[in-house]
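Data file: protein_28.txt. Format and content: compact mmCIF, C-alpha atoms and all ligand atoms.
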```txt
# COMPACT_ATOMS: atom_id res chain seq x y z
CA MET A 1 -8.52 6.47 -29.59
CA HIS A 2 -7.19 3.01 -30.13
CA ARG A 3 -6.39 2.74 -26.45
CA LEU A 4 -9.78 3.96 -25.47
CA PHE A 5 -11.31 1.32 -27.68
CA THR A 6 -9.17 -1.37 -26.09
CA LEU A 7 -10.22 -0.25 -22.63
CA LEU A 8 -13.83 -0.33 -23.64
CA LEU A 9 -13.40 -3.87 -24.89
CA LEU A 10 -11.72 -4.86 -21.65
CA ALA A 11 -14.45 -3.27 -19.61
CA LEU A 12 -17.08 -5.15 -21.56
CA SER A 13 -15.39 -8.52 -21.59
CA GLY A 14 -13.62 -8.33 -18.23
CA ALA A 15 -9.84 -8.37 -18.33
CA ALA A 16 -8.42 -11.82 -18.90
CA TRP A 17 -5.54 -12.63 -16.62
CA ALA A 18 -3.06 -15.13 -18.02
CA ASP A 19 -3.17 -17.71 -15.23
CA GLY A 20 -6.66 -17.60 -13.83
CA GLY A 21 -6.11 -14.23 -12.25
CA PRO A 22 -4.99 -12.72 -9.01
CA VAL A 23 -6.56 -13.77 -5.72
CA VAL A 24 -7.63 -11.09 -3.26
CA VAL A 25 -8.66 -11.89 0.30
CA LEU A 26 -11.11 -9.41 1.80
CA ASP A 27 -11.41 -9.29 5.55
CA PRO A 28 -14.56 -7.72 7.01
CA GLY A 29 -13.51 -6.66 10.51
CA HIS A 30 -14.91 -8.24 13.69
CA GLY A 31 -18.03 -10.48 13.65
CA GLY A 32 -20.18 -12.54 16.00
CA PRO A 33 -19.99 -11.22 19.56
CA LYS A 34 -17.24 -8.82 18.49
CA THR A 35 -19.23 -5.92 17.06
CA GLY A 36 -16.36 -3.47 16.64
CA ALA A 37 -17.32 0.21 16.76
CA VAL A 38 -20.98 1.16 17.33
CA SER A 39 -22.47 4.54 16.48
CA THR A 40 -24.79 6.43 18.82
CA SER A 41 -27.71 5.47 16.59
CA GLY A 42 -26.73 1.81 16.62
CA GLU A 43 -24.83 1.23 13.35
CA ARG A 44 -22.40 -1.60 13.93
CA GLU A 45 -18.98 -1.87 12.38
CA LYS A 46 -19.13 -5.65 11.87
CA GLU A 47 -22.27 -5.36 9.74
CA ILE A 48 -21.24 -2.43 7.58
CA ALA A 49 -17.77 -3.92 7.02
CA LEU A 50 -19.37 -7.15 5.79
CA GLU A 51 -21.74 -5.29 3.48
CA ILE A 52 -18.88 -3.32 1.94
CA ALA A 53 -16.78 -6.49 1.56
CA ARG A 54 -19.64 -8.26 -0.26
CA LYS A 55 -20.09 -5.34 -2.61
CA LEU A 56 -16.36 -5.09 -3.17
CA LYS A 57 -16.20 -8.80 -3.98
CA ALA A 58 -18.80 -8.30 -6.71
CA GLU A 59 -16.89 -5.32 -8.12
CA LEU A 60 -13.59 -7.18 -8.21
CA GLU A 61 -15.15 -10.22 -9.83
CA LYS A 62 -16.27 -7.97 -12.68
CA ALA A 63 -12.56 -7.35 -13.28
CA SER A 64 -11.91 -11.13 -13.26
CA VAL A 65 -10.21 -10.99 -9.87
CA ARG A 66 -10.82 -14.04 -7.69
CA VAL A 67 -12.03 -13.09 -4.22
CA LEU A 68 -12.18 -14.87 -0.89
CA LEU A 69 -13.75 -13.48 2.26
CA THR A 70 -12.40 -14.30 5.72
CA ARG A 71 -16.03 -14.42 6.84
CA GLU A 72 -19.20 -14.46 4.77
CA SER A 73 -21.58 -14.15 7.67
CA ASP A 74 -21.79 -12.69 11.15
CA LYS A 75 -19.26 -15.01 12.74
CA ASP A 76 -16.26 -14.68 14.98
CA VAL A 77 -12.94 -15.37 13.26
CA GLU A 78 -9.67 -14.94 15.17
CA LEU A 79 -7.36 -12.24 13.88
CA LYS A 80 -4.49 -14.64 13.21
CA GLU A 81 -6.82 -17.08 11.50
CA ARG A 82 -7.74 -14.38 8.96
CA ILE A 83 -4.22 -13.85 7.67
CA ARG A 84 -3.53 -17.59 7.85
CA LEU A 85 -6.43 -18.11 5.45
CA ALA A 86 -4.87 -15.60 3.03
CA ASN A 87 -1.44 -17.22 3.27
CA ASP A 88 -2.89 -20.71 2.74
CA ALA A 89 -4.81 -19.47 -0.31
CA GLY A 90 -1.62 -18.02 -1.78
CA ALA A 91 -3.44 -14.70 -2.03
CA ASP A 92 -1.90 -11.79 -3.92
CA LEU A 93 -3.44 -9.17 -1.65
CA PHE A 94 -5.13 -8.90 1.73
CA VAL A 95 -7.47 -6.01 2.50
CA SER A 96 -9.03 -5.68 5.93
CA ILE A 97 -12.11 -3.42 6.05
CA HIS A 98 -12.99 -1.46 9.18
CA LEU A 99 -14.88 1.55 10.46
CA ASN A 100 -13.25 4.00 12.76
CA SER A 101 -14.27 5.60 16.02
CA MET A 102 -12.99 8.32 18.30
CA PRO A 103 -13.10 8.81 22.07
CA LYS A 104 -16.23 10.65 23.18
CA ARG A 105 -14.78 14.15 23.32
CA TYR A 106 -14.05 13.93 19.57
CA TRP A 107 -17.43 12.56 18.49
CA ASN A 108 -18.88 14.54 15.59
CA ARG A 109 -15.61 16.43 15.23
CA VAL A 110 -13.54 13.89 13.34
CA ARG A 111 -14.54 12.20 10.10
CA GLY A 112 -12.78 10.80 7.05
CA ILE A 113 -10.60 7.95 5.89
CA GLU A 114 -7.38 6.45 7.25
CA THR A 115 -5.42 3.62 5.63
CA TYR A 116 -2.85 1.49 7.41
CA PHE A 117 -0.11 -0.98 6.78
CA LEU A 118 1.97 -2.91 9.24
CA SER A 119 4.93 -1.74 11.22
CA MET A 120 6.44 -2.55 14.59
CA GLU A 121 6.16 1.06 15.73
CA ALA A 122 3.01 3.09 15.25
CA THR A 123 3.60 6.28 13.29
CA GLY A 124 1.88 8.37 15.94
CA GLU A 125 -0.37 8.38 18.97
CA ARG A 126 -3.51 8.14 16.84
CA ALA A 127 -2.17 5.17 14.84
CA GLN A 128 -1.30 3.47 18.13
CA GLN A 129 -4.86 4.04 19.39
CA VAL A 130 -6.39 2.57 16.24
CA ALA A 131 -4.17 -0.53 16.41
CA ALA A 132 -5.00 -0.96 20.09
CA LEU A 133 -8.73 -0.77 19.30
CA GLU A 134 -8.52 -3.24 16.42
CA ASN A 135 -6.21 -5.59 18.36
CA ALA A 136 -8.33 -5.57 21.51
CA GLU A 137 -10.42 -8.56 20.43
CA ALA A 138 -7.31 -10.74 20.29
CA GLY A 139 -7.04 -10.63 24.07
CA GLU A 140 -4.08 -12.61 25.32
CA GLN A 141 -3.06 -14.20 22.03
CA ALA A 142 -1.13 -11.07 21.04
CA ALA A 143 2.65 -11.13 20.89
CA PRO A 144 3.24 -8.35 18.37
CA THR A 145 6.98 -7.83 18.53
CA ASP A 146 7.79 -11.55 18.25
CA ASP A 147 5.65 -11.82 15.15
CA LEU A 148 7.31 -8.81 13.61
CA ALA A 149 10.79 -10.11 14.25
CA PHE A 150 9.68 -13.21 12.38
CA ILE A 151 8.41 -11.13 9.47
CA LEU A 152 11.72 -9.35 9.06
CA ASN A 153 13.49 -12.69 8.83
CA ASP A 154 11.42 -13.89 5.93
CA LEU A 155 12.34 -12.57 2.51
CA ALA A 156 8.92 -13.09 0.91
CA GLN A 157 7.31 -11.20 3.76
CA THR A 158 9.81 -8.38 3.49
CA GLN A 159 8.95 -7.88 -0.18
CA ALA A 160 5.25 -8.12 0.61
CA HIS A 161 5.69 -5.55 3.35
CA ARG A 162 7.40 -3.16 0.94
CA ASP A 163 4.54 -3.53 -1.56
CA ALA A 164 2.01 -3.00 1.24
CA SER A 165 3.05 0.62 1.49
CA ARG A 166 2.40 1.09 -2.23
CA LEU A 167 -0.93 -0.69 -1.99
CA ALA A 168 -1.95 1.48 0.98
CA TYR A 169 -1.16 4.73 -0.86
CA THR A 170 -2.83 3.58 -4.10
CA VAL A 171 -6.04 2.54 -2.37
CA HIS A 172 -6.07 5.55 -0.05
CA GLN A 173 -5.65 8.13 -2.81
CA GLN A 174 -8.40 6.48 -4.82
CA LEU A 175 -10.79 6.58 -1.85
CA ILE A 176 -10.08 10.22 -1.08
CA ALA A 177 -10.54 11.22 -4.74
CA ASP A 178 -13.73 9.24 -5.31
CA LEU A 179 -15.47 9.92 -2.02
CA LYS A 180 -14.29 13.52 -1.56
CA ALA A 181 -13.64 12.39 2.00
CA SER A 182 -11.52 14.07 4.60
CA ASP A 183 -7.97 12.76 4.09
CA ARG A 184 -6.63 11.51 7.41
CA GLY A 185 -3.61 9.93 5.82
CA VAL A 186 -1.77 6.63 5.42
CA HIS A 187 -0.20 5.37 8.64
CA GLN A 188 1.63 2.38 10.03
CA ALA A 189 0.90 0.47 13.21
CA PRO A 190 1.24 -3.03 14.71
CA PHE A 191 -2.07 -4.62 13.66
CA ILE A 192 -2.28 -8.29 14.61
CA VAL A 193 -4.54 -9.06 11.65
CA LEU A 194 -1.77 -7.97 9.23
CA MET A 195 1.09 -9.81 10.94
CA GLY A 196 2.70 -12.70 9.10
CA ALA A 197 1.16 -11.71 5.75
CA GLN A 198 3.02 -13.22 2.81
CA MET A 199 1.34 -10.76 0.46
CA PRO A 200 0.84 -6.98 0.55
CA ALA A 201 -1.71 -6.43 3.32
CA ILE A 202 -3.52 -3.27 4.40
CA LEU A 203 -6.28 -2.19 6.72
CA ALA A 204 -8.70 0.50 5.55
CA GLU A 205 -10.75 2.56 8.01
CA VAL A 206 -13.37 3.82 5.58
CA GLY A 207 -15.23 6.24 7.85
CA PHE A 208 -16.05 7.17 11.43
CA LEU A 209 -19.03 5.65 13.21
CA SER A 210 -18.40 8.11 16.03
CA HIS A 211 -19.40 10.97 13.69
CA SER A 212 -23.20 10.93 13.51
CA ALA A 213 -23.50 12.36 9.98
CA GLU A 214 -20.83 10.02 8.65
CA ALA A 215 -22.38 7.04 10.46
CA LYS A 216 -25.71 7.79 8.81
CA GLN A 217 -23.99 7.91 5.42
CA LEU A 218 -22.11 4.66 6.07
CA ARG A 219 -25.39 2.87 6.70
CA GLU A 220 -26.68 3.82 3.24
CA GLU A 221 -26.34 1.20 0.56
CA ALA A 222 -25.45 3.77 -2.12
CA HIS A 223 -22.56 5.01 -0.03
CA GLN A 224 -21.37 1.47 0.68
CA GLU A 225 -21.42 0.82 -3.05
CA LYS A 226 -19.41 3.95 -3.67
CA ILE A 227 -16.79 2.82 -1.16
CA ALA A 228 -16.70 -0.67 -2.70
CA GLY A 229 -16.33 0.72 -6.22
CA SER A 230 -13.50 2.98 -5.14
CA LEU A 231 -11.69 0.21 -3.25
CA ALA A 232 -12.02 -1.99 -6.33
CA ARG A 233 -10.46 0.68 -8.55
CA GLY A 234 -7.55 1.12 -6.14
CA ILE A 235 -6.99 -2.63 -5.86
CA VAL A 236 -7.14 -3.24 -9.61
CA THR A 237 -4.77 -0.33 -10.26
CA PHE A 238 -2.29 -1.87 -7.85
CA LEU A 239 -2.70 -5.35 -9.34
CA GLU A 240 -2.07 -4.02 -12.83
CA LYS A 241 1.12 -2.30 -11.78
CA VAL A 242 2.62 -4.53 -9.11
CA GLY A 243 0.58 -7.72 -9.16
CA GLY A 244 1.14 -7.74 -12.92
CA ARG A 245 4.56 -9.23 -12.22
CA ASP A 246 2.84 -12.53 -11.53
CA HIS A 247 -0.40 -12.17 -13.43
CA ALA A 248 0.17 -10.70 -16.85
CA LEU A 249 -2.94 -9.58 -18.63
CA GLU A 250 -3.58 -11.73 -21.64
CA VAL A 251 -5.46 -9.81 -24.28
CA LYS A 252 -5.36 -10.47 -27.98
CA GLY A 253 -5.55 -7.25 -29.95
CA GLU A 254 -5.39 -6.44 -33.62
CA GLY A 255 -2.13 -5.13 -35.00
CA GLY A 256 0.11 -6.74 -32.42
CA GLU A 257 0.32 -3.67 -30.20
CA SER A 258 0.78 -4.48 -26.57
CA GLU A 259 -2.65 -4.24 -25.04
CA VAL A 260 -1.15 -4.71 -21.61
CA ASP A 261 0.61 -1.37 -21.96
CA ALA A 262 -2.60 0.22 -23.12
CA LEU A 263 -4.29 -0.87 -19.94
CA THR A 264 -1.59 0.04 -17.47
CA GLU A 265 -1.13 3.49 -18.99
CA SER A 266 -4.80 4.29 -19.09
CA PRO A 267 -6.17 7.16 -17.02
CA SER A 268 -8.34 4.71 -15.11
CA ALA A 269 -5.22 2.84 -14.01
CA ARG A 270 -3.40 5.77 -12.46
ZN ZN B 301 -12.45 -2.53 13.36
```
Rewrite the structure from the file as structure tokens, please.
Amino acid sequence: MHRLFTLLLLALSGAAWADGGPVVVLDPGHGGPKTGAVSTSGEREKEIALEIARKLKAELEKASVRVLLTRESDKDVELKERIRLANDAGADLFVSIHLNSMPKRYWNRVRGIETYFLSMEATGERAQQVAALENAEAGEQAAPTDDLAFILNDLAQTQAHRDASRLAYTVHQQLIADLKASDRGVHQAPFIVLMGAQMPAILAEVGFLSHSAEAKQLREEAHQEKIAGSLARGIVTFLEKVGGRDHALEVKGEGGESEVDALTESPSAR
């Protein structure tokens, strides 16, 4: 009961992080002339991704997490510029938000959530397709393998890359549980937007615009809020476990018991 009480207090006051708190960079995919995926009824990836990112920012700020967006409006930001912004900000995490689509013969047959982190080799044909789609807007600037060779030579990036896998699984499992969505798995692929990240970086494909029922749902504000809430829970869970190395929670409790333990062991922090 004591733990429950502590959690309640934290929820009411917002957790206090010792040093100002972790910084999360959210990256709404595409923007400006680059619309990303478009559903048959006209829902556009760039707009829904931005809406979800805004809602997620608000959710994370409730947990005293500092949040930066790679774009706050409908503007075109280069893929490499997005991760550069996160590196320059010394961000603890980078989460790129996208909506998926399938080739025409699979429309209305495939729905659900896929989560990705970076690797040189895609983990399958589908992962390769998704990376190709998301990388397409980079045009000629892409030099994936060179960038990856660079990553593997940098110790900080190697550690970040290792943690990215944990972040991807934490966030993915939370999304599947909360949204009761079809689980299309965690995969790896060479996404330009994740290359060179000095912090754990993932790309979440939170639904399929090529599935008409799912596209309709994705347009609804309530559903966007549900996605944002779930992403926030996954991110905070990860920050408490892994990010906690750098940002210890500072909570004064009665009786000297470690309130940090109480939080990390709580059911909400699975
Ligand atoms: Zn996208």
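Counting only C-alpha atoms, region 40-45 of chain A has the following residues at most 9 Å away, ignoring those fewer than 4 positions along the same chain: Gly29, His30, Gly31, Thr35, Gly36, Ala49, Leu50, His98, Leu99, Asn100, Leu209, Ser210, His211, Ser212, Ala215, Lys216, Leu218 and Arg219 of chain A.
CA of Phe191 (chain A) is found 10.3 Å from CA of Lys80 (chain A).
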**Between CA of Ile48 (chain A) and CA of Arg105 (chain A) - distance in Å to one decimal** = 23.8 Å
**Request:** May I ask for the distance between CA of Gln188 (chain A) and CA of Tyr169 (chain A), given in Å to one decimal place?
**Result:** 11.5 Å
**Message:** List as a ChimeraX atom specification the protein and nucleic acid residues near Ala204 (chain A), meaning an atom at most 9 Å away when all atoms listed in the file are counted, but skip any in the same chain fewer than 5 places from it.
**Reply:** /A:95-99,113-117,168,171-172
**Request:** Find the residue from A:Pro33, A:Pro190, A:Pro200, A:Gly124 that sits nearest to Gly90 (chain A); use only C-alpha atoms when measuring.
**Result:** A:Pro200
